[in-house]
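Report on one structure; see the data block that follows.
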Amino acid sequence: MHDPATTPSSASRTLEDFLTDGSLARMCAEMSSFAGVAIELRDQEDRLVMPAHGTRPWRIDAEAPAVDPAAERVALRIGDDTIGSIVLGASGEELPTGERTRDRVRRTLELLATAAGEICTLVVQSDHRIRELDALYRLTSVLVRAQSLEQVLAAALDGAMETLGLDAGSIVVMPEVAADAADPLTDFATAQEAELRIFASRGLSERWLATPDALSARREFDRLVLEGEVVSVPDLTRDPRVQLKELVEDEGVRGFITVGMTFRGQTLGAIRLYARVPREFSELEIRLLQSIGQQAAVAVEQARLLETQRRERKIRRALRFASDVQHRMLPVEMPQAEGIDLAARYVPSLELGGDFYDVFEAGEGTIGLTVGDVVGKGVAAALLMAATRASLRAIVEQCDDPAEVIGRVNGALCRDTLESEFATLWYGVADPASGRLTFCSAGHEPPMLVRVPDHRPPTRADLDELAIGGLVAGIDPSQRYQSIAVDLQPGDTLVAYTDGMTDARDFHGERFGKDRLMRAVLDILREQPDAPARHLVDQLTWTLRRFTGLARRVDDQTLLVLRYKV
């Protein structure tokens, strides 16, 4: 026997929907002949259903006498709904003699009614499944055609209303709740109805759609939907959770069901459906609506994904443009000066970086050299880098002393940036004619100066670090900086770099480190004492790349090499 809890509603079904070949009516007639008493099949209006001949195997005799009140009935049911009955002794005649015989006839009719009810239930279930598949097929067809989200959700709403035979409905998308919220459901309970975006609605007034209050107190219906439940209310006017009773009366809605649009465990929105009359919803109808909700959630997630991809493409285009601008800030060609050979390379870890170098004519035949590294990476670091470079260039035109230049850059950064924004900076001025290099550092990695002897290969004793200066720029506006000068000799090599070179790591997490960088510089100069600056840049870059392999680059890498030849 079927389970009424899983049987679909048959309020719109009649016995005639299942009388395909008239076999049930003929079976009742045959049983009458051997039971010795009239056994009749009656429909839900108590009309006699009779077997017939000709094109139609059954007919309804609306003129047949009414059933005697004393007759015994066995109801034909689909769930809790009665669609007809089998009547024993409809005309009041005596039942078969013998208690055992009477019991067997009654039992036979009960089994017949049960079997007929189960068959009818299977028919209804199959019909629901067909309607469910049809609704999902139509919705999937809309998704495949990649129409707008509004069109997809409108199709979902129309399919749900048509399949369930409802009168009104809407589809809303929930406001996004912060992932780190202590209790997202509590946060959602305080949301106004206006914060829910209505993507589709049918049969509902503007007043209903525009009301700022939720249908249920503390948004209980929506809270249950967010928890994965289906809310079914037979009559909104009688449910104590409903707080808009007057509006419900004016709108003329009674039956109500709402289900979440859930994608991978996250409820993105809700489908709300209404009937103009009180309505109970079966398990099959609930399951159908859940399937439509899941398909609609796929559409919402797909639309969000496409929008995210569109924004990401826009951001990538902007980043590429900004990266081009940033690279144009680097020197296209090195200044030509007798006795000085210059080369540099900048490798950002992202499209935009915070490292920079600059080489320019500083006036009166001198060459300005600078290497810098601002805190962070990405857009913010790139903007701070551009500001630092622009400040230094502007200040160099007003003064010659590297310490004063660094001091003014520090003052500008302290004035225009946050406490967490700062930069390391090394700036030097080289005089090719005299070989004098005057420099100052603001917390930057000290460049290496290698003096290559004529009579032997260079060793660690021939390497010095140019570390004079002061605190990083952008922290303390009162900071005072010092500069110092060294006299270059023919063959001397200056290697300036950022910490992205020494902080680079291999697959085991080991740092390249300053010692490896020093050894690499000395090894190159031992093998080729007169190596041009470009050769040193290439070889140092290659040495670093062999060390890190395919490990992800975590910081920008900048290298500037000067060789003095006079």
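Here's how to read the names in the structure tokens: chain A, B, ... by the order shown, residue numbers from 1 in each chain, ligand numbers from 1 in the order shown.
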
### Task
Run DSSP on the backbone and grab whatever in stretch 334-450 of chain A lands in alpha helix (DSSP H); send it over as number ranges by chain.
A: 378-396, 402-416

### Query
Excluding same-chain residues fewer than 3 positions from A:Lys514, what lies within 8 Å of it counting only C-alpha atoms, as a PyMOL selection string?
chain A and resi 502+517-518

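Those residues that approach A:Ile198 to within 9 Å, counting only C-alpha atoms, are Ser170, Ile171, Val172, Val173, Ala194, Leu196, Ala200, Ser201 and Leu209 of chain A; same-chain residues fewer than 2 positions away are not listed.
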
### Message
Would you pick out the contacts of A:Asp68 at 12 Å or less, using only C-alpha atoms, so that residues sharing its chain but fewer than 3 positions from it are not included, and give the list as a ChimeraX atom specification?
### Response
/A:38,40,46,64-65,71-73,87-94

May I have the residues from that selection written out with N, CA and C atoms, as an mmCIF file, in the first residue's frame?
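Output file again.cif follows:
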```cif
data_model
loop_
_atom_site.group_PDB
_atom_site.id
_atom_site.type_symbol
_atom_site.label_atom_id
_atom_site.label_comp_id
_atom_site.auth_asym_id
_atom_site.auth_seq_id
_atom_site.Cartn_x
_atom_site.Cartn_y
_atom_site.Cartn_z
ATOM 1 N N ALA A 38 -24.893 -6.515 -5.886
ATOM 2 C CA ALA A 38 -24.387 -5.460 -6.764
ATOM 3 C C ALA A 38 -23.121 -4.830 -6.177
ATOM 4 N N GLU A 40 -20.682 -1.794 -7.286
ATOM 5 C CA GLU A 40 -20.640 -0.680 -8.236
ATOM 6 C C GLU A 40 -19.391 0.174 -8.017
ATOM 7 N N ASP A 46 -20.208 10.619 -6.732
ATOM 8 C CA ASP A 46 -21.112 9.497 -6.467
ATOM 9 C C ASP A 46 -21.929 9.109 -7.692
ATOM 10 N N ALA A 64 -28.278 7.172 -12.638
ATOM 11 C CA ALA A 64 -28.420 5.963 -11.815
ATOM 12 C C ALA A 64 -28.933 6.330 -10.430
ATOM 13 N N PRO A 65 -29.714 5.428 -9.808
ATOM 14 C CA PRO A 65 -30.258 5.710 -8.466
ATOM 15 C C PRO A 65 -29.141 5.964 -7.458
ATOM 16 N N ALA A 71 -25.503 0.805 2.396
ATOM 17 C CA ALA A 71 -24.507 0.102 1.593
ATOM 18 C C ALA A 71 -23.112 0.324 2.183
ATOM 19 N N GLU A 72 -22.260 -0.664 1.974
ATOM 20 C CA GLU A 72 -20.880 -0.568 2.433
ATOM 21 C C GLU A 72 -20.003 0.013 1.331
ATOM 22 N N ARG A 73 -19.075 0.887 1.722
ATOM 23 C CA ARG A 73 -18.196 1.547 0.756
ATOM 24 C C ARG A 73 -16.730 1.256 1.084
ATOM 25 N N VAL A 87 -18.740 0.319 -4.134
ATOM 26 C CA VAL A 87 -19.900 0.205 -3.257
ATOM 27 C C VAL A 87 -20.413 -1.231 -3.283
ATOM 28 N N LEU A 88 -20.614 -1.812 -2.100
ATOM 29 C CA LEU A 88 -21.145 -3.166 -1.947
ATOM 30 C C LEU A 88 -22.586 -3.067 -1.466
ATOM 31 N N GLY A 89 -23.526 -3.593 -2.311
ATOM 32 C CA GLY A 89 -24.944 -3.530 -1.972
ATOM 33 C C GLY A 89 -25.494 -2.128 -2.140
ATOM 34 N N ALA A 90 -25.238 -1.533 -3.301
ATOM 35 C CA ALA A 90 -25.628 -0.145 -3.524
ATOM 36 C C ALA A 90 -27.139 0.051 -3.460
ATOM 37 N N SER A 91 -27.913 -0.984 -3.839
ATOM 38 C CA SER A 91 -29.375 -0.833 -3.875
ATOM 39 C C SER A 91 -30.024 -1.291 -2.583
ATOM 40 N N GLY A 92 -29.275 -1.637 -1.605
ATOM 41 C CA GLY A 92 -29.822 -2.053 -0.316
ATOM 42 C C GLY A 92 -30.081 -3.535 -0.231
ATOM 43 N N GLU A 93 -29.684 -4.358 -1.277
ATOM 44 C CA GLU A 93 -29.928 -5.780 -1.223
ATOM 45 C C GLU A 93 -29.064 -6.442 -0.163
ATOM 46 N N GLU A 94 -29.493 -7.655 0.216
ATOM 47 C CA GLU A 94 -28.785 -8.389 1.244
ATOM 48 C C GLU A 94 -27.414 -8.808 0.747
#
```

#### Entry: Among the residues A:Ile286, A:Ala35, A:Gln125, A:Ile60, the one that comes closest to A:Leu109 [using only C-alpha atoms]
A:Ala35

### Task
List every residue of stretch 251-484 of chain A that DSSP, applied to the backbone of this structure, places in strand (DSSP E or B), and write the result as an NGL selection string.
:A and (256-263 or 266-274 or 337 or 340-347 or 355-363 or 366-374 or 423-431 or 436-443 or 448-450 or 463-465 or 469-470 or 473 or 484)

#### Entry: Residues within 12 Å of A:Glu333, only C-alpha atoms, excluding chain neighbours under 5 positions, as number ranges by chain
A: 328, 341-344, 358-361

Would you mind listing what lies within 8 Å of stretch 251-267 of chain A as an mmCIF file with N, CA, C and O atoms, in the first residue's frame, with only C-alpha atoms counted and same-chain residues fewer than 3 positions away left out?
```cif
data_model
loop_
_atom_site.group_PDB
_atom_site.id
_atom_site.type_symbol
_atom_site.label_atom_id
_atom_site.label_comp_id
_atom_site.auth_asym_id
_atom_site.auth_seq_id
_atom_site.Cartn_x
_atom_site.Cartn_y
_atom_site.Cartn_z
ATOM 1 N N MET A 174 19.707 36.939 -2.222
ATOM 2 C CA MET A 174 20.043 37.390 -0.883
ATOM 3 C C MET A 174 21.223 38.362 -0.915
ATOM 4 O O MET A 174 22.097 38.257 -1.776
ATOM 5 N N LEU A 204 2.104 39.741 -8.502
ATOM 6 C CA LEU A 204 2.217 40.458 -7.231
ATOM 7 C C LEU A 204 2.169 41.958 -7.473
ATOM 8 O O LEU A 204 2.726 42.461 -8.462
ATOM 9 N N SER A 205 1.525 42.686 -6.584
ATOM 10 C CA SER A 205 1.360 44.125 -6.745
ATOM 11 C C SER A 205 2.648 44.866 -6.402
ATOM 12 O O SER A 205 3.545 44.334 -5.728
ATOM 13 N N TRP A 208 3.110 45.113 -2.670
ATOM 14 C CA TRP A 208 3.673 43.906 -2.059
ATOM 15 C C TRP A 208 5.187 43.862 -2.271
ATOM 16 O O TRP A 208 5.947 43.575 -1.352
ATOM 17 N N PHE A 221 11.115 32.904 7.880
ATOM 18 C CA PHE A 221 11.012 32.080 6.674
ATOM 19 C C PHE A 221 12.335 32.069 5.915
ATOM 20 O O PHE A 221 12.806 31.009 5.477
ATOM 21 N N VAL A 225 15.149 29.078 5.158
ATOM 22 C CA VAL A 225 15.629 28.798 3.800
ATOM 23 C C VAL A 225 17.150 28.802 3.767
ATOM 24 O O VAL A 225 17.785 27.942 3.143
ATOM 25 N N LEU A 226 17.774 29.773 4.445
ATOM 26 C CA LEU A 226 19.233 29.822 4.495
ATOM 27 C C LEU A 226 19.820 28.593 5.176
ATOM 28 O O LEU A 226 20.961 28.207 4.901
ATOM 29 N N GLY A 228 18.690 25.691 4.718
ATOM 30 C CA GLY A 228 18.471 24.563 3.825
ATOM 31 C C GLY A 228 17.096 23.945 3.893
ATOM 32 O O GLY A 228 16.867 22.889 3.281
ATOM 33 N N GLU A 229 16.168 24.551 4.621
ATOM 34 C CA GLU A 229 14.820 23.997 4.741
ATOM 35 C C GLU A 229 13.877 24.572 3.680
ATOM 36 O O GLU A 229 14.139 25.635 3.112
ATOM 37 N N VAL A 230 12.789 23.860 3.454
ATOM 38 C CA VAL A 230 11.705 24.346 2.594
ATOM 39 C C VAL A 230 10.564 24.773 3.512
ATOM 40 O O VAL A 230 10.140 24.017 4.378
ATOM 41 N N VAL A 231 10.087 26.002 3.323
ATOM 42 C CA VAL A 231 9.002 26.531 4.155
ATOM 43 C C VAL A 231 7.702 26.425 3.373
ATOM 44 O O VAL A 231 7.581 26.976 2.274
ATOM 45 N N SER A 232 6.738 25.708 3.927
ATOM 46 C CA SER A 232 5.431 25.532 3.301
ATOM 47 C C SER A 232 4.351 25.953 4.292
ATOM 48 O O SER A 232 4.287 25.421 5.402
ATOM 49 N N VAL A 233 3.525 26.921 3.888
ATOM 50 C CA VAL A 233 2.465 27.442 4.749
ATOM 51 C C VAL A 233 1.123 27.243 4.040
ATOM 52 O O VAL A 233 0.890 27.855 2.993
ATOM 53 N N PRO A 234 0.255 26.411 4.564
ATOM 54 C CA PRO A 234 -1.042 26.183 3.890
ATOM 55 C C PRO A 234 -1.876 27.448 3.772
ATOM 56 O O PRO A 234 -2.552 27.665 2.759
ATOM 57 N N ASP A 235 -1.855 28.305 4.821
ATOM 58 C CA ASP A 235 -2.684 29.515 4.803
ATOM 59 C C ASP A 235 -1.949 30.612 5.572
ATOM 60 O O ASP A 235 -1.787 30.533 6.789
ATOM 61 N N LEU A 236 -1.511 31.624 4.849
ATOM 62 C CA LEU A 236 -0.749 32.711 5.475
ATOM 63 C C LEU A 236 -1.575 33.484 6.492
ATOM 64 O O LEU A 236 -1.037 34.059 7.434
ATOM 65 N N THR A 237 -2.878 33.516 6.311
ATOM 66 C CA THR A 237 -3.718 34.283 7.232
ATOM 67 C C THR A 237 -3.847 33.619 8.593
ATOM 68 O O THR A 237 -4.277 34.257 9.560
ATOM 69 N N LEU A 247 -1.616 43.101 4.893
ATOM 70 C CA LEU A 247 -1.109 43.112 3.522
ATOM 71 C C LEU A 247 -1.431 41.797 2.817
ATOM 72 O O LEU A 247 -1.776 41.788 1.620
ATOM 73 N N VAL A 248 -1.336 40.687 3.535
ATOM 74 C CA VAL A 248 -1.674 39.389 2.969
ATOM 75 C C VAL A 248 -3.141 39.357 2.541
ATOM 76 O O VAL A 248 -3.490 38.868 1.460
ATOM 77 N N ALA A 270 16.171 32.932 -3.167
ATOM 78 C CA ALA A 270 14.994 32.143 -2.803
ATOM 79 C C ALA A 270 13.906 32.297 -3.857
ATOM 80 O O ALA A 270 13.757 33.356 -4.472
ATOM 81 N N ILE A 271 13.166 31.218 -4.069
ATOM 82 C CA ILE A 271 11.969 31.232 -4.905
ATOM 83 C C ILE A 271 10.771 31.251 -3.967
ATOM 84 O O ILE A 271 10.643 30.388 -3.093
ATOM 85 N N ARG A 272 9.896 32.250 -4.129
ATOM 86 C CA ARG A 272 8.708 32.385 -3.286
ATOM 87 C C ARG A 272 7.474 32.254 -4.171
ATOM 88 O O ARG A 272 7.314 33.000 -5.135
ATOM 89 N N LEU A 273 6.596 31.315 -3.824
ATOM 90 C CA LEU A 273 5.408 31.062 -4.639
ATOM 91 C C LEU A 273 4.150 31.153 -3.774
ATOM 92 O O LEU A 273 4.175 30.788 -2.590
ATOM 93 N N TYR A 274 3.051 31.621 -4.401
ATOM 94 C CA TYR A 274 1.809 31.867 -3.667
ATOM 95 C C TYR A 274 0.622 31.294 -4.429
ATOM 96 O O TYR A 274 0.598 31.265 -5.671
ATOM 97 N N ALA A 275 -0.378 30.863 -3.653
ATOM 98 C CA ALA A 275 -1.675 30.458 -4.206
ATOM 99 C C ALA A 275 -2.744 31.399 -3.659
ATOM 100 O O ALA A 275 -2.631 31.893 -2.534
ATOM 101 N N ARG A 276 -3.796 31.638 -4.448
ATOM 102 C CA ARG A 276 -4.875 32.522 -4.008
ATOM 103 C C ARG A 276 -5.814 31.834 -3.025
ATOM 104 O O ARG A 276 -6.641 32.508 -2.390
ATOM 105 N N VAL A 277 -5.670 30.525 -2.896
ATOM 106 C CA VAL A 277 -6.507 29.766 -1.971
ATOM 107 C C VAL A 277 -5.582 28.964 -1.063
ATOM 108 O O VAL A 277 -4.418 28.747 -1.380
ATOM 109 N N PRO A 278 -6.071 28.515 0.105
ATOM 110 C CA PRO A 278 -5.243 27.657 0.955
ATOM 111 C C PRO A 278 -4.752 26.445 0.174
ATOM 112 O O PRO A 278 -5.483 25.876 -0.644
ATOM 113 N N ARG A 279 -3.490 26.051 0.430
ATOM 114 C CA ARG A 279 -2.891 24.993 -0.398
ATOM 115 C C ARG A 279 -1.880 24.178 0.416
ATOM 116 O O ARG A 279 -1.022 24.729 1.075
ATOM 117 N N GLU A 280 -2.064 22.883 0.383
ATOM 118 C CA GLU A 280 -1.077 21.967 0.945
ATOM 119 C C GLU A 280 -0.141 21.533 -0.190
ATOM 120 O O GLU A 280 -0.581 21.318 -1.320
ATOM 121 N N PHE A 281 1.137 21.389 0.126
ATOM 122 C CA PHE A 281 2.116 21.000 -0.884
ATOM 123 C C PHE A 281 2.662 19.616 -0.558
ATOM 124 O O PHE A 281 3.040 19.336 0.580
ATOM 125 N N LEU A 289 10.268 21.731 -6.715
ATOM 126 C CA LEU A 289 10.674 23.115 -6.508
ATOM 127 C C LEU A 289 12.141 23.194 -6.081
ATOM 128 O O LEU A 289 12.857 24.119 -6.479
ATOM 129 N N GLN A 290 12.597 22.223 -5.298
ATOM 130 C CA GLN A 290 14.006 22.207 -4.922
ATOM 131 C C GLN A 290 14.902 22.024 -6.139
ATOM 132 O O GLN A 290 15.957 22.656 -6.252
ATOM 133 N N GLY A 293 15.055 25.221 -7.903
ATOM 134 C CA GLY A 293 15.898 26.138 -7.147
ATOM 135 C C GLY A 293 17.373 25.879 -7.364
ATOM 136 O O GLY A 293 18.174 26.816 -7.476
ATOM 137 N N GLN A 294 17.761 24.608 -7.439
ATOM 138 C CA GLN A 294 19.163 24.281 -7.672
ATOM 139 C C GLN A 294 19.608 24.733 -9.058
ATOM 140 O O GLN A 294 20.718 25.262 -9.226
ATOM 141 N N GLN A 295 18.761 24.543 -10.051
ATOM 142 C CA GLN A 295 19.099 24.993 -11.397
ATOM 143 C C GLN A 295 19.204 26.521 -11.450
ATOM 144 O O GLN A 295 20.098 27.067 -12.092
ATOM 145 N N ALA A 296 18.281 27.189 -10.782
ATOM 146 C CA ALA A 296 18.334 28.651 -10.748
ATOM 147 C C ALA A 296 19.601 29.133 -10.041
ATOM 148 O O ALA A 296 20.201 30.146 -10.436
ATOM 149 N N ALA A 297 20.028 28.417 -8.993
ATOM 150 C CA ALA A 297 21.254 28.795 -8.292
ATOM 151 C C ALA A 297 22.467 28.686 -9.199
ATOM 152 O O ALA A 297 23.391 29.508 -9.132
ATOM 153 N N VAL A 298 22.467 27.673 -10.067
ATOM 154 C CA VAL A 298 23.562 27.548 -11.041
ATOM 155 C C VAL A 298 23.614 28.784 -11.935
ATOM 156 O O VAL A 298 24.685 29.309 -12.240
ATOM 157 N N GLU A 301 25.066 31.698 -9.903
ATOM 158 C CA GLU A 301 26.519 31.538 -9.719
ATOM 159 C C GLU A 301 27.254 31.761 -11.038
ATOM 160 O O GLU A 301 28.342 32.357 -11.073
#
```

### Task
Work out how far apart atom CA of A:Pro477 and atom CA of A:Thr424 are and give it in Å to one decimal.
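Taking atom CA of A:Pro477 and atom CA of A:Thr424, their separation equals 14.5 Å.
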
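Going from atom CA of A:Leu471 over to atom CA of A:Asp515, you cover 23.5 Å.
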
#### Entry: d(atom CA of A:Leu449, atom CA of A:Asp492) in Å
7.0 Å

### Distance criterion (only C-alpha atoms): nearest to A:Val123 out of A:Glu150, A:Glu193, A:Glu307, A:Asp17
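The closest residue to A:Val123 is A:Asp17.
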
### Query
Using only C-alpha atoms, which residue out of A:Asp416, A:Asp401, A:Asp355, A:Asp81 lies closest to A:Thr438?
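Among the listed residues, the smallest separation from A:Thr438 belongs to A:Asp401.
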
### Task
Go through A:Arg102, A:Arg223, A:Arg287, A:Arg316 one by one, measure the shortest atom-to-atom distance of each to A:Arg129 using only C-alpha atoms, and give the residue with the smallest value.
A:Arg287
